[in-house]
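This report concerns only the one structure given below.
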Amino acid sequence: MSKIWRYGDHVDTDVIIPARYLNISDFNELAEHAMEDIDTTFAPNVKAGDIMVAGKNFGCGSSREAAPIVIKVKGIKCIIADSFARIFYRNGINIGLPVLEIGAEVEKIEKGDEVDVDLKTGEIKIVNKNLIIKTKPLPEFCQKIADCGGLVNYVKEQA
């Protein structure tokens, strides 16, 4: 099961990766500052396969691609949110970070829940609550991009 990192509405890209660190060019080093302005426990404790859950308008603010990159570098399996800022959503897809937009159903997922996500079917199981949220899966082409590790790899594979 995946650990849940739970956040609220309107988490902007300046919170995901504060601008004061954008002079760091190594994404592994940059990722050590992910979310630190709202959650100092995230970067040092997140594990590969964990899931980020948020409210409305996740990733609002600037179009900085570094925001979804640091989340992916830290090992987040996917982000589930009520809604995403469009540019963050597309940047997530482009780098191969799955993003699931599920509307108000996101309120059923709480910190501490045991969650299993099937990205291909869009089924989110909240194991400890014996609850299943059925949502639209990622479109097939977006899933292929995620499976390839991002748009650049996907295009190379198609060539």
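How things are named: the first chain in the structure tokens is A, the next is B, and so on; residues count from 1 in each chain; ligands count from 1 in the order shown.
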For the contact check between segment 21-98 of chain A and segment 143-155 of chain A, emit one row per residue of segment 21-98 of chain A within 12 Å, containing the shortest atom pair and the distance in Å rounded to one decimal, counting only C-alpha atoms, chain then rising number order, as JSON lines.
{"residue": "A:Pro68", "atom": "CA", "partner": "A:Gly150", "partner_atom": "CA", "distance": 11.6}
{"residue": "A:Ile69", "atom": "CA", "partner": "A:Gly150", "partner_atom": "CA", "distance": 10.6}
{"residue": "A:Lys72", "atom": "CA", "partner": "A:Gly149", "partner_atom": "CA", "distance": 10.0}
{"residue": "A:Val73", "atom": "CA", "partner": "A:Gly149", "partner_atom": "CA", "distance": 11.5}
{"residue": "A:Lys77", "atom": "CA", "partner": "A:Ala146", "partner_atom": "CA", "distance": 10.4}
{"residue": "A:Cys78", "atom": "CA", "partner": "A:Ala146", "partner_atom": "CA", "distance": 10.1}
{"residue": "A:Arg90", "atom": "CA", "partner": "A:Leu151", "partner_atom": "CA", "distance": 10.4}
{"residue": "A:Asn91", "atom": "CA", "partner": "A:Gly150", "partner_atom": "CA", "distance": 9.6}
{"residue": "A:Gly92", "atom": "CA", "partner": "A:Gly150", "partner_atom": "CA", "distance": 8.6}
{"residue": "A:Ile93", "atom": "CA", "partner": "A:Ala146", "partner_atom": "CA", "distance": 6.6}
{"residue": "A:Asn94", "atom": "CA", "partner": "A:Leu151", "partner_atom": "CA", "distance": 4.8}
{"residue": "A:Ile95", "atom": "CA", "partner": "A:Gly150", "partner_atom": "CA", "distance": 4.1}
{"residue": "A:Gly96", "atom": "CA", "partner": "A:Ala146", "partner_atom": "CA", "distance": 3.8}
{"residue": "A:Leu97", "atom": "CA", "partner": "A:Ala146", "partner_atom": "CA", "distance": 6.1}
{"residue": "A:Pro98", "atom": "CA", "partner": "A:Ala146", "partner_atom": "CA", "distance": 6.3}
Discussion item. As a ChimeraX atom specification, please: every residue in segment 59-134 of chain A that a backbone DSSP assignment puts in strand (DSSP E or B).
Written reply: /A:60,78-81,84,99-101,115-118,123-126,131-134
Discussion item. Could you pull out the alpha helix (DSSP H) residues of chain A, going by DSSP on the backbone, and write them as a ChimeraX atom specification?
Written reply: /A:13-16,27-31,42-45,66-73,86-95,140-148,151-158
Discussion item. At a cut-off of 12 Å, using only C-alpha atoms, what residues contact segment 41-44 of chain A? Leave out same-chain residues fewer than 4 positions from it and give the result as number ranges by chain.
Written reply: A: 3-7, 16-17, 28-37, 48, 50-52, 70-76
For the selection just defined, write its residues with C-alpha atoms to a file, as a CSV table (one decimal), in the first residue's frame.
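Once everything was written out, this is selection_2.csv:
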chain,number,residue,atom,x,y,z
A,3,LYS,CA,1.5,6.3,2.0
A,4,ILE,CA,-0.7,9.3,1.4
A,5,TRP,CA,0.7,12.9,1.5
A,6,ARG,CA,-2.4,15.0,1.9
A,7,TYR,CA,-2.6,18.7,1.0
A,16,ILE,CA,5.8,22.9,-4.5
A,17,ILE,CA,9.3,24.2,-5.2
A,28,ASN,CA,17.9,15.4,-7.2
A,29,GLU,CA,19.3,18.3,-5.1
A,30,LEU,CA,16.4,20.6,-6.0
A,31,ALA,CA,13.9,17.9,-4.9
A,32,GLU,CA,15.3,18.0,-1.4
A,33,HIS,CA,13.4,21.3,-1.1
A,34,ALA,CA,10.0,20.1,-2.4
A,35,MET,CA,7.0,21.2,-0.4
A,36,GLU,CA,9.3,22.5,2.4
A,37,ASP,CA,7.3,25.8,2.9
A,48,ALA,CA,9.0,5.7,-3.9
A,50,ASP,CA,3.8,7.1,-2.2
A,51,ILE,CA,0.8,9.1,-3.4
A,52,MET,CA,0.1,12.8,-3.2
A,70,VAL,CA,10.7,17.4,-8.1
A,71,ILE,CA,7.6,15.5,-7.1
A,72,LYS,CA,8.4,12.7,-9.6
A,73,VAL,CA,12.1,12.7,-8.6
A,74,LYS,CA,11.0,12.1,-5.0
A,75,GLY,CA,9.2,9.0,-6.1
A,76,ILE,CA,5.6,9.9,-6.0
Fill in: Shell of 8 Å around Ile102 of chain A, only C-alpha atoms, local chain residues under 6 positions omitted, as a list in words
Ile80, Ala81, Asp82, Ser83, Thr135 and Lys136 of chain A
Worksheet item: Quick one: residues within 9 Å of Lys125 of chain A, only C-alpha atoms counted, chain neighbours fewer than 5 positions away excluded, as a ChimeraX atom specification?
Response: /A:114-118,130-134
Write a file of the just-selected residues containing all heavy atoms, as a tab-separated table (two decimals), in the first residue's frame.
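Saved the output as part_39.tsv:
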chain	number	residue	atom	x	y	z
A	114	GLU	N	-4.75	3.74	3.61
A	114	GLU	CA	-3.99	2.80	2.79
A	114	GLU	C	-4.66	2.78	1.43
A	114	GLU	O	-5.83	2.41	1.31
A	114	GLU	CB	-4.03	1.41	3.41
A	114	GLU	CG	-3.39	1.32	4.77
A	114	GLU	CD	-3.61	-0.02	5.42
A	114	GLU	OE1	-3.76	-1.03	4.70
A	114	GLU	OE2	-3.65	-0.06	6.65
A	115	VAL	N	-3.92	3.19	0.41
A	115	VAL	CA	-4.52	3.38	-0.91
A	115	VAL	C	-3.76	2.59	-1.97
A	115	VAL	O	-2.53	2.52	-1.95
A	115	VAL	CB	-4.52	4.88	-1.29
A	115	VAL	CG1	-5.04	5.11	-2.69
A	115	VAL	CG2	-5.36	5.68	-0.30
A	116	ASP	N	-4.52	2.00	-2.86
A	116	ASP	CA	-3.97	1.31	-4.02
A	116	ASP	C	-4.63	1.91	-5.25
A	116	ASP	O	-5.86	1.99	-5.32
A	116	ASP	CB	-4.25	-0.18	-3.93
A	116	ASP	CG	-3.55	-0.98	-5.01
A	116	ASP	OD1	-2.46	-0.56	-5.45
A	116	ASP	OD2	-4.10	-2.01	-5.43
A	117	VAL	N	-3.82	2.35	-6.21
A	117	VAL	CA	-4.34	3.00	-7.41
A	117	VAL	C	-4.01	2.16	-8.64
A	117	VAL	O	-2.86	1.77	-8.83
A	117	VAL	CB	-3.73	4.42	-7.59
A	117	VAL	CG1	-4.21	5.07	-8.86
A	117	VAL	CG2	-4.05	5.29	-6.38
A	118	ASP	N	-5.02	1.91	-9.44
A	118	ASP	CA	-4.82	1.25	-10.73
A	118	ASP	C	-4.97	2.33	-11.80
A	118	ASP	O	-6.08	2.76	-12.11
A	118	ASP	CB	-5.84	0.13	-10.94
A	118	ASP	CG	-5.58	-0.67	-12.20
A	118	ASP	OD1	-5.06	-0.10	-13.19
A	118	ASP	OD2	-5.92	-1.86	-12.21
A	130	ASN	N	-12.41	0.04	3.06
A	130	ASN	CA	-13.15	-0.85	2.17
A	130	ASN	C	-14.00	-0.05	1.18
A	130	ASN	O	-15.19	-0.32	0.99
A	130	ASN	CB	-14.02	-1.83	2.97
A	130	ASN	CG	-14.44	-3.01	2.12
A	130	ASN	OD1	-13.76	-3.39	1.17
A	130	ASN	ND2	-15.59	-3.59	2.45
A	131	LEU	N	-13.35	0.94	0.57
A	131	LEU	CA	-14.03	1.88	-0.32
A	131	LEU	C	-13.31	1.91	-1.66
A	131	LEU	O	-12.08	1.93	-1.71
A	131	LEU	CB	-14.04	3.27	0.31
A	131	LEU	CG	-14.69	4.40	-0.44
A	131	LEU	CD1	-16.20	4.17	-0.58
A	131	LEU	CD2	-14.45	5.72	0.29
A	132	ILE	N	-14.08	1.94	-2.74
A	132	ILE	CA	-13.50	2.05	-4.07
A	132	ILE	C	-14.06	3.29	-4.75
A	132	ILE	O	-15.27	3.50	-4.78
A	132	ILE	CB	-13.81	0.80	-4.93
A	132	ILE	CG1	-13.14	-0.43	-4.32
A	132	ILE	CG2	-13.34	1.01	-6.37
A	132	ILE	CD1	-13.49	-1.73	-5.00
A	133	ILE	N	-13.16	4.12	-5.25
A	133	ILE	CA	-13.54	5.29	-6.04
A	133	ILE	C	-13.24	4.95	-7.48
A	133	ILE	O	-12.11	4.61	-7.82
A	133	ILE	CB	-12.75	6.55	-5.61
A	133	ILE	CG1	-13.02	6.89	-4.15
A	133	ILE	CG2	-13.08	7.72	-6.52
A	133	ILE	CD1	-12.13	7.98	-3.58
A	134	LYS	N	-14.26	5.02	-8.31
A	134	LYS	CA	-14.08	4.75	-9.73
A	134	LYS	C	-14.08	6.09	-10.46
A	134	LYS	O	-15.02	6.87	-10.35
A	134	LYS	CB	-15.17	3.83	-10.26
A	134	LYS	CG	-15.09	2.45	-9.66
A	134	LYS	CD	-16.07	1.50	-10.27
A	134	LYS	CE	-15.91	0.16	-9.58
A	134	LYS	NZ	-16.49	-0.93	-10.29
Worksheet entry | Proximity to Glu105 of chain A - best of A:Val53, A:Val127, A:Leu138, A:Leu22, only C-alpha atoms | A:Val53
Worksheet item: Which neighbours of Ser63 of chain A fall inside 10 Å, counting only C-alpha atoms, when residues of the same chain fewer than 6 positions from it are skipped, and could you give them as a list in words?
Response: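 The residues that qualify are Asp12, Thr13, Ala85, Arg86, Ile87, Phe88, Arg90 and Asn91 of chain A.
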Go ahead and write the selection's residues with C-alpha atoms as an mmCIF file, in the first residue's frame.
data_model
loop_
_atom_site.group_PDB
_atom_site.id
_atom_site.type_symbol
_atom_site.label_atom_id
_atom_site.label_comp_id
_atom_site.auth_asym_id
_atom_site.auth_seq_id
_atom_site.Cartn_x
_atom_site.Cartn_y
_atom_site.Cartn_z
ATOM 1 C CA ASP A 12 0.863 26.609 -5.991
ATOM 2 C CA THR A 13 4.126 25.928 -7.748
ATOM 3 C CA ALA A 85 -4.123 23.911 -12.836
ATOM 4 C CA ARG A 86 -4.083 23.076 -16.540
ATOM 5 C CA ILE A 87 -0.394 23.849 -17.115
ATOM 6 C CA PHE A 88 0.642 21.696 -14.123
ATOM 7 C CA ARG A 90 0.043 18.980 -18.816
ATOM 8 C CA ASN A 91 3.557 19.338 -17.398
#
Write out as a tab-separated table (two decimals) with C-alpha atoms, in the first residue's frame which residues come within 12 Å of Asn128 of chain A when counting only C-alpha atoms, dropping same-chain ones fewer than 6 positions away.
chain	number	residue	atom	x	y	z
A	1	MET	CA	0.00	0.00	0.00
A	2	SER	CA	1.05	3.55	-0.63
A	108	LYS	CA	-12.82	10.56	0.91
A	109	ILE	CA	-9.03	10.10	0.95
A	110	GLU	CA	-7.38	11.14	4.18
A	111	LYS	CA	-3.89	11.20	5.56
A	112	GLY	CA	-3.09	7.77	6.94
A	113	ASP	CA	-5.35	5.88	4.53
A	114	GLU	CA	-3.99	2.80	2.79
A	115	VAL	CA	-4.52	3.38	-0.91
A	116	ASP	CA	-3.97	1.31	-4.02
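Among A:Cys142, A:Leu100, A:Pro137, A:Tyr21, the residue with the shortest atom-to-atom distance to Phe58 of chain A, counting only C-alpha atoms, is A:Leu100.
Here atom CA of Gly122 of chain A and atom CA of Ile79 of chain A stand 12.4 Å from one another.
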